[in-house]
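Shown below: my_file.txt, with compact mmCIF, C-alpha atoms.
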# COMPACT_ATOMS: atom_id res chain seq x y z
CA MET A 1 47.81 35.91 11.96
CA SER A 2 50.60 37.91 10.34
CA TYR A 3 51.91 37.98 6.77
CA GLY A 4 54.88 35.85 7.76
CA ASP A 5 52.70 33.39 9.66
CA TYR A 6 50.24 32.97 6.79
CA LEU A 7 53.00 32.29 4.23
CA GLU A 8 55.18 30.34 6.69
CA LEU A 9 58.06 32.54 5.62
CA GLU A 10 60.36 31.38 8.38
CA ARG A 11 60.25 27.83 7.01
CA LEU A 12 60.30 28.95 3.40
CA LEU A 13 63.32 31.21 3.78
CA ASP A 14 65.20 28.54 5.70
CA CYS A 15 65.13 26.12 2.75
CA GLN A 16 68.20 27.51 0.96
CA HIS A 17 71.39 25.76 2.03
CA PRO A 18 74.30 26.18 -0.40
CA ARG A 19 76.78 23.29 -0.37
CA SER A 20 79.71 25.52 -1.29
CA ASP A 21 81.08 28.92 -0.31
CA ASP A 22 80.48 30.31 -3.79
CA HIS A 23 78.39 33.49 -3.99
CA ASN A 24 76.41 32.32 -7.05
CA GLU A 25 75.07 29.04 -5.70
CA LEU A 26 72.19 30.77 -3.93
CA LEU A 27 70.88 32.00 -7.30
CA PHE A 28 70.93 28.44 -8.62
CA ILE A 29 69.04 27.10 -5.60
CA ILE A 30 66.37 29.81 -5.55
CA GLN A 31 65.79 29.55 -9.30
CA HIS A 32 65.01 25.85 -9.04
CA GLN A 33 63.02 26.08 -5.81
CA ALA A 34 60.85 28.84 -7.31
CA THR A 35 60.29 26.69 -10.39
CA GLU A 36 59.15 23.79 -8.24
CA LEU A 37 56.66 26.07 -6.46
CA TRP A 38 55.22 27.19 -9.80
CA LEU A 39 55.05 23.56 -10.95
CA LYS A 40 53.04 22.75 -7.83
CA LEU A 41 50.48 25.34 -8.90
CA VAL A 42 50.53 24.08 -12.50
CA LEU A 43 49.73 20.55 -11.33
CA HIS A 44 46.96 21.88 -9.09
CA GLU A 45 45.36 23.75 -12.01
CA LEU A 46 45.74 20.90 -14.51
CA ASP A 47 44.23 18.35 -12.15
CA ALA A 48 41.19 20.56 -11.66
CA ALA A 49 40.91 21.35 -15.38
CA ARG A 50 41.00 17.65 -16.24
CA ALA A 51 38.19 16.97 -13.77
CA GLN A 52 36.07 19.78 -15.24
CA ILE A 53 36.54 18.44 -18.77
CA ALA A 54 35.59 14.95 -17.61
CA HIS A 55 32.34 16.40 -16.25
CA ASP A 56 31.59 18.43 -19.42
CA ASP A 57 32.02 21.70 -17.54
CA LEU A 58 34.42 23.52 -19.84
CA GLN A 59 34.24 27.18 -18.83
CA PRO A 60 36.12 26.74 -15.52
CA ALA A 61 38.64 24.54 -17.32
CA PHE A 62 39.35 27.32 -19.83
CA LYS A 63 40.33 29.68 -17.01
CA MET A 64 42.58 27.08 -15.42
CA LEU A 65 44.34 26.24 -18.69
CA ALA A 66 44.84 29.93 -19.46
CA ARG A 67 46.40 30.39 -16.03
CA VAL A 68 48.82 27.52 -16.64
CA ALA A 69 49.93 29.07 -19.94
CA ARG A 70 50.60 32.35 -18.07
CA ILE A 71 52.64 30.48 -15.47
CA PHE A 72 54.88 29.05 -18.17
CA ALA A 73 55.32 32.53 -19.62
CA GLN A 74 56.53 33.56 -16.17
CA LEU A 75 58.90 30.59 -16.04
CA VAL A 76 60.31 31.47 -19.47
CA GLN A 77 61.28 34.90 -18.12
CA ALA A 78 62.90 33.28 -15.09
CA TRP A 79 65.57 31.75 -17.32
CA ASP A 80 66.79 35.32 -17.98
CA VAL A 81 67.91 35.50 -14.37
CA LEU A 82 69.73 32.17 -14.40
CA SER A 83 71.43 33.07 -17.69
CA THR A 84 73.39 35.75 -15.80
CA LEU A 85 75.38 32.80 -14.43
CA THR A 86 78.56 32.44 -16.50
CA PRO A 87 80.31 29.11 -17.23
CA ALA A 88 83.14 30.02 -14.86
CA GLU A 89 80.71 30.91 -12.07
CA TYR A 90 78.71 27.69 -12.47
CA SER A 91 81.87 25.57 -12.59
CA ALA A 92 82.91 27.00 -9.23
CA PHE A 93 80.05 25.29 -7.38
CA ARG A 94 78.95 22.54 -9.77
CA PRO A 95 80.89 19.79 -7.93
CA ALA A 96 78.71 20.49 -4.87
CA LEU A 97 75.64 19.32 -6.80
CA GLY A 98 76.86 15.73 -6.98
CA GLN A 99 74.38 13.72 -9.08
CA ALA A 100 71.47 16.11 -8.47
CA SER A 101 69.67 16.91 -11.73
CA GLY A 102 66.41 18.43 -12.90
CA PHE A 103 65.79 15.07 -14.58
CA GLN A 104 65.02 13.80 -11.06
CA SER A 105 62.22 16.32 -10.46
CA HIS A 106 59.16 14.22 -9.69
CA GLN A 107 56.87 17.22 -10.21
CA TYR A 108 58.18 17.70 -13.73
CA ARG A 109 57.66 14.01 -14.45
CA LEU A 110 54.16 14.18 -12.98
CA LEU A 111 53.46 17.18 -15.21
CA GLU A 112 54.51 15.31 -18.34
CA PHE A 113 52.39 12.33 -17.35
CA ARG A 114 49.39 14.56 -16.65
CA LEU A 115 49.72 16.22 -20.05
CA GLY A 116 49.97 12.87 -21.86
CA ASN A 117 53.70 12.39 -22.50
CA ARG A 118 53.91 8.95 -20.88
CA ASP A 119 56.39 6.13 -20.56
CA PRO A 120 56.34 3.70 -17.58
CA VAL A 121 60.14 3.37 -17.84
CA LEU A 122 60.38 6.91 -16.47
CA LEU A 123 59.13 5.61 -13.11
CA GLN A 124 62.43 3.82 -12.52
CA PRO A 125 64.40 6.78 -11.11
CA PHE A 126 61.80 7.04 -8.33
CA VAL A 127 61.61 3.39 -7.23
CA HIS A 128 63.57 4.15 -4.05
CA ARG A 129 61.08 6.90 -3.11
CA THR A 130 58.00 4.77 -2.51
CA ALA A 131 55.54 7.61 -1.81
CA ILE A 132 56.58 9.57 -4.91
CA HIS A 133 56.62 6.42 -7.03
CA ALA A 134 53.06 5.67 -5.91
CA VAL A 135 51.86 9.15 -6.91
CA LEU A 136 53.45 8.86 -10.35
CA ALA A 137 52.09 5.34 -10.87
CA ALA A 138 48.60 6.50 -9.89
CA GLU A 139 48.83 9.31 -12.45
CA LEU A 140 49.75 6.81 -15.17
CA ALA A 141 46.72 4.70 -14.29
CA GLN A 142 44.22 7.42 -15.23
CA PRO A 143 43.49 9.39 -18.42
CA SER A 144 45.70 12.39 -19.10
CA LEU A 145 44.38 15.89 -19.74
CA TYR A 146 44.47 15.25 -23.49
CA ASP A 147 42.84 11.84 -23.08
CA GLU A 148 39.93 13.54 -21.33
CA ALA A 149 39.67 16.06 -24.15
CA LEU A 150 39.40 13.21 -26.67
CA ARG A 151 36.84 11.40 -24.53
CA LEU A 152 34.85 14.64 -24.57
CA LEU A 153 35.02 14.69 -28.37
CA ALA A 154 33.67 11.14 -28.41
CA ARG A 155 30.79 12.11 -26.11
CA ARG A 156 29.98 14.98 -28.46
CA GLY A 157 29.56 12.54 -31.34
CA PHE A 158 32.96 12.58 -33.05
CA ALA A 159 34.45 9.32 -34.35
CA ILE A 160 37.34 8.84 -31.94
CA PRO A 161 39.03 5.42 -32.11
CA THR A 162 38.16 3.09 -29.24
CA GLY A 163 41.85 2.80 -28.40
CA ARG A 164 41.96 6.51 -27.57
CA VAL A 165 39.01 6.52 -25.18
CA THR A 166 39.55 3.19 -23.38
CA ARG A 167 43.05 1.72 -23.21
CA ASP A 168 46.01 1.15 -20.94
CA TRP A 169 46.57 4.76 -19.91
CA ARG A 170 50.17 4.07 -18.98
CA ASP A 171 51.27 4.02 -22.61
CA LYS A 172 51.81 7.03 -24.81
CA ALA A 173 49.22 7.07 -27.60
CA GLU A 174 50.28 7.07 -31.24
CA ARG A 175 49.24 9.95 -33.49
CA SER A 176 45.80 9.21 -34.93
CA PRO A 177 44.38 10.33 -38.33
CA GLU A 178 40.86 9.89 -36.92
CA VAL A 179 41.59 12.23 -34.00
CA GLU A 180 43.10 14.71 -36.41
CA ALA A 181 39.97 14.53 -38.58
CA ALA A 182 37.78 15.18 -35.53
CA TRP A 183 39.69 18.31 -34.61
CA LEU A 184 39.62 19.40 -38.24
CA ALA A 185 35.82 19.11 -38.22
CA VAL A 186 35.70 21.29 -35.09
CA TYR A 187 37.78 23.99 -36.77
CA ALA A 188 35.82 23.72 -40.01
CA ASP A 189 32.62 24.77 -38.23
CA THR A 190 33.58 26.75 -35.16
CA SER A 191 30.11 28.23 -34.65
CA ALA A 192 28.62 24.75 -34.24
CA HIS A 193 31.44 23.51 -31.98
CA TRP A 194 32.52 26.69 -30.21
CA GLU A 195 33.31 25.12 -26.84
CA LEU A 196 35.42 22.40 -28.40
CA TYR A 197 37.15 24.98 -30.58
CA GLU A 198 37.96 27.07 -27.53
CA LEU A 199 39.23 23.99 -25.70
CA ALA A 200 41.48 23.14 -28.64
CA GLU A 201 42.96 26.63 -28.68
CA LYS A 202 43.57 26.55 -24.92
CA LEU A 203 45.41 23.24 -25.35
CA VAL A 204 47.54 24.67 -28.15
CA ASP A 205 48.31 27.74 -26.02
CA LEU A 206 49.41 25.41 -23.22
CA ASP A 207 51.55 23.24 -25.50
CA ASP A 208 53.12 26.33 -27.08
CA ALA A 209 53.96 27.87 -23.70
CA PHE A 210 55.36 24.58 -22.39
CA ARG A 211 57.59 24.14 -25.46
CA GLN A 212 58.86 27.71 -25.18
CA TRP A 213 59.80 27.07 -21.56
CA ARG A 214 61.69 23.90 -22.49
CA PHE A 215 63.39 25.61 -25.44
CA ARG A 216 64.56 28.46 -23.19
CA HIS A 217 65.88 25.78 -20.83
CA VAL A 218 67.99 24.38 -23.67
CA THR A 219 69.51 27.73 -24.61
CA THR A 220 70.24 28.63 -21.00
CA VAL A 221 71.98 25.32 -20.31
CA GLU A 222 73.95 25.57 -23.55
CA ARG A 223 75.02 29.09 -22.61
CA ILE A 224 76.28 27.93 -19.21
CA ILE A 225 77.77 24.44 -19.80
CA GLY A 226 78.02 24.11 -23.57
CA ALA A 227 78.01 20.46 -24.67
CA LYS A 228 79.08 18.99 -21.32
CA ARG A 229 77.12 16.08 -19.85
CA GLY A 230 74.38 16.88 -17.34
CA THR A 231 74.96 16.35 -13.63
CA GLY A 232 72.50 13.43 -13.48
CA GLY A 233 74.25 11.53 -16.28
CA THR A 234 72.09 12.76 -19.17
CA SER A 235 73.72 13.95 -22.40
CA GLY A 236 72.99 17.53 -21.43
CA VAL A 237 71.98 19.92 -24.20
CA SER A 238 71.36 17.21 -26.81
CA TYR A 239 68.91 15.47 -24.46
CA LEU A 240 67.13 18.71 -23.62
CA ARG A 241 66.89 19.66 -27.30
CA HIS A 242 65.23 16.32 -28.07
CA VAL A 243 62.76 16.83 -25.21
CA ALA A 244 61.98 20.37 -26.35
CA GLU A 245 60.84 19.09 -29.75
CA THR A 246 58.10 16.91 -28.25
CA GLN A 247 54.54 17.90 -29.17
CA LEU A 248 52.06 17.12 -26.40
CA PHE A 249 48.98 17.31 -28.62
CA PRO A 250 50.28 16.38 -32.09
CA GLU A 251 46.92 16.14 -33.87
CA LEU A 252 46.11 19.72 -32.95
CA TRP A 253 49.33 20.88 -34.58
CA ASN A 254 49.27 18.59 -37.58
CA MET A 255 45.70 19.35 -38.68
CA ARG A 256 46.58 23.03 -39.09
CA THR A 257 48.25 22.23 -42.39
CA GLN A 258 44.92 21.04 -43.76
CA LEU A 259 42.82 24.03 -42.73

Take the structure from the file and write it as structure tokens.
Amino acid sequence: MSYGDYLELERLLDCQHPRSDDHNELLFIIQHQATELWLKLVLHELDAARAQIAHDDLQPAFKMLARVARIFAQLVQAWDVLSTLTPAEYSAFRPALGQASGFQSHQYRLLEFRLGNRDPVLLQPFVHRTAIHAVLAAELAQPSLYDEALRLLARRGFAIPTGRVTRDWRDKAERSPEVEAAWLAVYADTSAHWELYELAEKLVDLDDAFRQWRFRHVTTVERIIGAKRGTGGTSGVSYLRHVAETQLFPELWNMRTQL
């Protein structure tokens, strides 16, 4: 067993196939392939963290969530490399991309579903990929990471609405004053609810890191293509800016005003 054998480097390094003769296309490919590899690890960690929370075993979950936040910090820095691509350089190979777009990343969509940002309509772009569609549909059928955190609050005696602990998991939940009050009670007496307090802070760290990554995506795209439409037919920067404003765990942010 050698280093190259263990990492399957021959296969890995043979996955970059530019569609044009432009020097800069390789940067674009490697940037996105590396991101997908990191997203694979993020999904691995979040799936395990969700399972630990569901079994009331929070300490391992804290480590996993902290690791995910660090991964997103790494991904934020990665945008610095792609931002060396100028508009003229990107335009030279952009036609080779066809309709390929990050919007079509099934791992990104799976990540949003796992974190709780859900909408069954977003399954439609993957209907023609039956295996991927099945994975995404299966994710929608089970509680998200945040759903499991709220179910934990309910098990610990907090008054969480029934609709937040048993419901059709495919739908995105509306912001709840009762959930906000529960988190507020945790923060009001951290010594009595230390584990839940630590969980809440890990979730906020994760949401913060995720939003920073998406915001850096917006600024990088705006720097390279301005207000042009995205390759997959999205509105480009305006769409990404809207996505970047999404709060994954709104009650945890909103209750801070009342502390």

Given all atoms listed in the file as the basis, pick out the residue of A:Asp22, A:Asp57, A:Glu251, A:Asp147 nearest to Ser176 of chain A.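 Between A:Asp22, A:Asp57, A:Glu251, A:Asp147, the residue approaching Ser176 of chain A most closely is A:Glu251.
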
What is the atom CA of Arg118 of chain A-atom CA of Val204 of chain A distance in Å, reported with one decimal?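 Distance between the two atoms: 18.5 Å.
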
Shell of 12 Å around Asn254 of chain A, all atoms listed in the file, local chain residues under 5 positions omitted, as a PyMOL selection string: chain A and resi 175-177+179-181+183-184+204+247-249+259

Set the distance at 10 Å and use all atoms listed in the file: which residues neighbour Leu110 of chain A once local chain neighbours fewer than 3 positions away are removed? I'd like the list as an mmCIF file with C-alpha atoms, keeping the file's coordinate frame.
data_model
loop_
_atom_site.group_PDB
_atom_site.id
_atom_site.type_symbol
_atom_site.label_atom_id
_atom_site.label_comp_id
_atom_site.auth_asym_id
_atom_site.auth_seq_id
_atom_site.Cartn_x
_atom_site.Cartn_y
_atom_site.Cartn_z
ATOM 1 C CA LEU A 39 55.050 23.560 -10.950
ATOM 2 C CA LEU A 43 49.730 20.550 -11.330
ATOM 3 C CA SER A 105 62.220 16.320 -10.460
ATOM 4 C CA HIS A 106 59.160 14.220 -9.690
ATOM 5 C CA GLN A 107 56.870 17.220 -10.210
ATOM 6 C CA PHE A 113 52.390 12.330 -17.350
ATOM 7 C CA ARG A 114 49.390 14.560 -16.650
ATOM 8 C CA LEU A 115 49.720 16.220 -20.050
ATOM 9 C CA GLY A 116 49.970 12.870 -21.860
ATOM 10 C CA ASN A 117 53.700 12.390 -22.500
ATOM 11 C CA ARG A 118 53.910 8.950 -20.880
ATOM 12 C CA LEU A 123 59.130 5.610 -13.110
ATOM 13 C CA ILE A 132 56.580 9.570 -4.910
ATOM 14 C CA VAL A 135 51.860 9.150 -6.910
ATOM 15 C CA LEU A 136 53.450 8.860 -10.350
ATOM 16 C CA ALA A 137 52.090 5.340 -10.870
ATOM 17 C CA ALA A 138 48.600 6.500 -9.890
ATOM 18 C CA GLU A 139 48.830 9.310 -12.450
ATOM 19 C CA LEU A 140 49.750 6.810 -15.170
#

d(atom CA of Ala200 of chain A, atom CA of Lys63 of chain A) in Å: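 Going from atom CA of Ala200 of chain A over to atom CA of Lys63 of chain A covers 13.4 Å.
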
Give as a ChimeraX atom specification each residue that has an atom at most 9 Å from (69.3, 31.3, -20.5) in the file, counting only C-alpha atoms. /A:78-85,216-224

Export C-alpha atoms of the chosen residues as a compact mmCIF listing (two decimals), in the coordinates of the input?
# COMPACT_ATOMS: atom_id res chain seq x y z
CA ALA A 78 62.90 33.28 -15.09
CA TRP A 79 65.57 31.75 -17.32
CA ASP A 80 66.79 35.32 -17.98
CA VAL A 81 67.91 35.50 -14.37
CA LEU A 82 69.73 32.17 -14.40
CA SER A 83 71.43 33.07 -17.69
CA THR A 84 73.39 35.75 -15.80
CA LEU A 85 75.38 32.80 -14.43
CA ARG A 216 64.56 28.46 -23.19
CA HIS A 217 65.88 25.78 -20.83
CA VAL A 218 67.99 24.38 -23.67
CA THR A 219 69.51 27.73 -24.61
CA THR A 220 70.24 28.63 -21.00
CA VAL A 221 71.98 25.32 -20.31
CA GLU A 222 73.95 25.57 -23.55
CA ARG A 223 75.02 29.09 -22.61
CA ILE A 224 76.28 27.93 -19.21

Could you add the missing atoms to segment 174-187 of chain A, up to N, CA and C atoms, and return them as a PDB file, in the frame of the given file?
ATOM      1  N   GLU A 174      49.737   6.723 -29.941  1.00  0.00           N
ATOM      2  CA  GLU A 174      50.280   7.070 -31.240  1.00  0.00           C
ATOM      3  C   GLU A 174      49.402   8.129 -31.901  1.00  0.00           C
ATOM      4  N   ARG A 175      50.001   8.939 -32.763  1.00  0.00           N
ATOM      5  CA  ARG A 175      49.240   9.950 -33.490  1.00  0.00           C
ATOM      6  C   ARG A 175      48.156   9.274 -34.328  1.00  0.00           C
ATOM      7  N   SER A 176      46.954   9.848 -34.308  1.00  0.00           N
ATOM      8  CA  SER A 176      45.800   9.210 -34.930  1.00  0.00           C
ATOM      9  C   SER A 176      45.188  10.090 -36.031  1.00  0.00           C
ATOM     10  N   PRO A 177      45.055   9.577 -37.267  1.00  0.00           N
ATOM     11  CA  PRO A 177      44.380  10.330 -38.330  1.00  0.00           C
ATOM     12  C   PRO A 177      42.922  10.619 -37.995  1.00  0.00           C
ATOM     13  N   GLU A 178      42.267   9.692 -37.275  1.00  0.00           N
ATOM     14  CA  GLU A 178      40.860   9.890 -36.920  1.00  0.00           C
ATOM     15  C   GLU A 178      40.710  11.049 -35.916  1.00  0.00           C
ATOM     16  N   VAL A 179      41.621  11.118 -34.967  1.00  0.00           N
ATOM     17  CA  VAL A 179      41.590  12.230 -34.000  1.00  0.00           C
ATOM     18  C   VAL A 179      41.853  13.545 -34.725  1.00  0.00           C
ATOM     19  N   GLU A 180      42.797  13.515 -35.636  1.00  0.00           N
ATOM     20  CA  GLU A 180      43.100  14.710 -36.410  1.00  0.00           C
ATOM     21  C   GLU A 180      41.884  15.156 -37.223  1.00  0.00           C
ATOM     22  N   ALA A 181      41.173  14.200 -37.802  1.00  0.00           N
ATOM     23  CA  ALA A 181      39.970  14.530 -38.580  1.00  0.00           C
ATOM     24  C   ALA A 181      38.879  15.124 -37.693  1.00  0.00           C
ATOM     25  N   ALA A 182      38.781  14.638 -36.457  1.00  0.00           N
ATOM     26  CA  ALA A 182      37.780  15.180 -35.530  1.00  0.00           C
ATOM     27  C   ALA A 182      38.080  16.638 -35.202  1.00  0.00           C
ATOM     28  N   TRP A 183      39.329  16.920 -34.887  1.00  0.00           N
ATOM     29  CA  TRP A 183      39.690  18.310 -34.610  1.00  0.00           C
ATOM     30  C   TRP A 183      39.514  19.189 -35.832  1.00  0.00           C
ATOM     31  N   LEU A 184      39.801  18.645 -36.991  1.00  0.00           N
ATOM     32  CA  LEU A 184      39.620  19.400 -38.240  1.00  0.00           C
ATOM     33  C   LEU A 184      38.158  19.764 -38.437  1.00  0.00           C
ATOM     34  N   ALA A 185      37.261  18.839 -38.104  1.00  0.00           N
ATOM     35  CA  ALA A 185      35.820  19.110 -38.220  1.00  0.00           C
ATOM     36  C   ALA A 185      35.400  20.215 -37.249  1.00  0.00           C
ATOM     37  N   VAL A 186      36.001  20.237 -36.065  1.00  0.00           N
ATOM     38  CA  VAL A 186      35.700  21.290 -35.090  1.00  0.00           C
ATOM     39  C   VAL A 186      36.097  22.652 -35.660  1.00  0.00           C
ATOM     40  N   TYR A 187      37.284  22.725 -36.231  1.00  0.00           N
ATOM     41  CA  TYR A 187      37.780  23.990 -36.770  1.00  0.00           C
ATOM     42  C   TYR A 187      37.062  24.392 -38.054  1.00  0.00           C
TER      43      TYR A 187
END
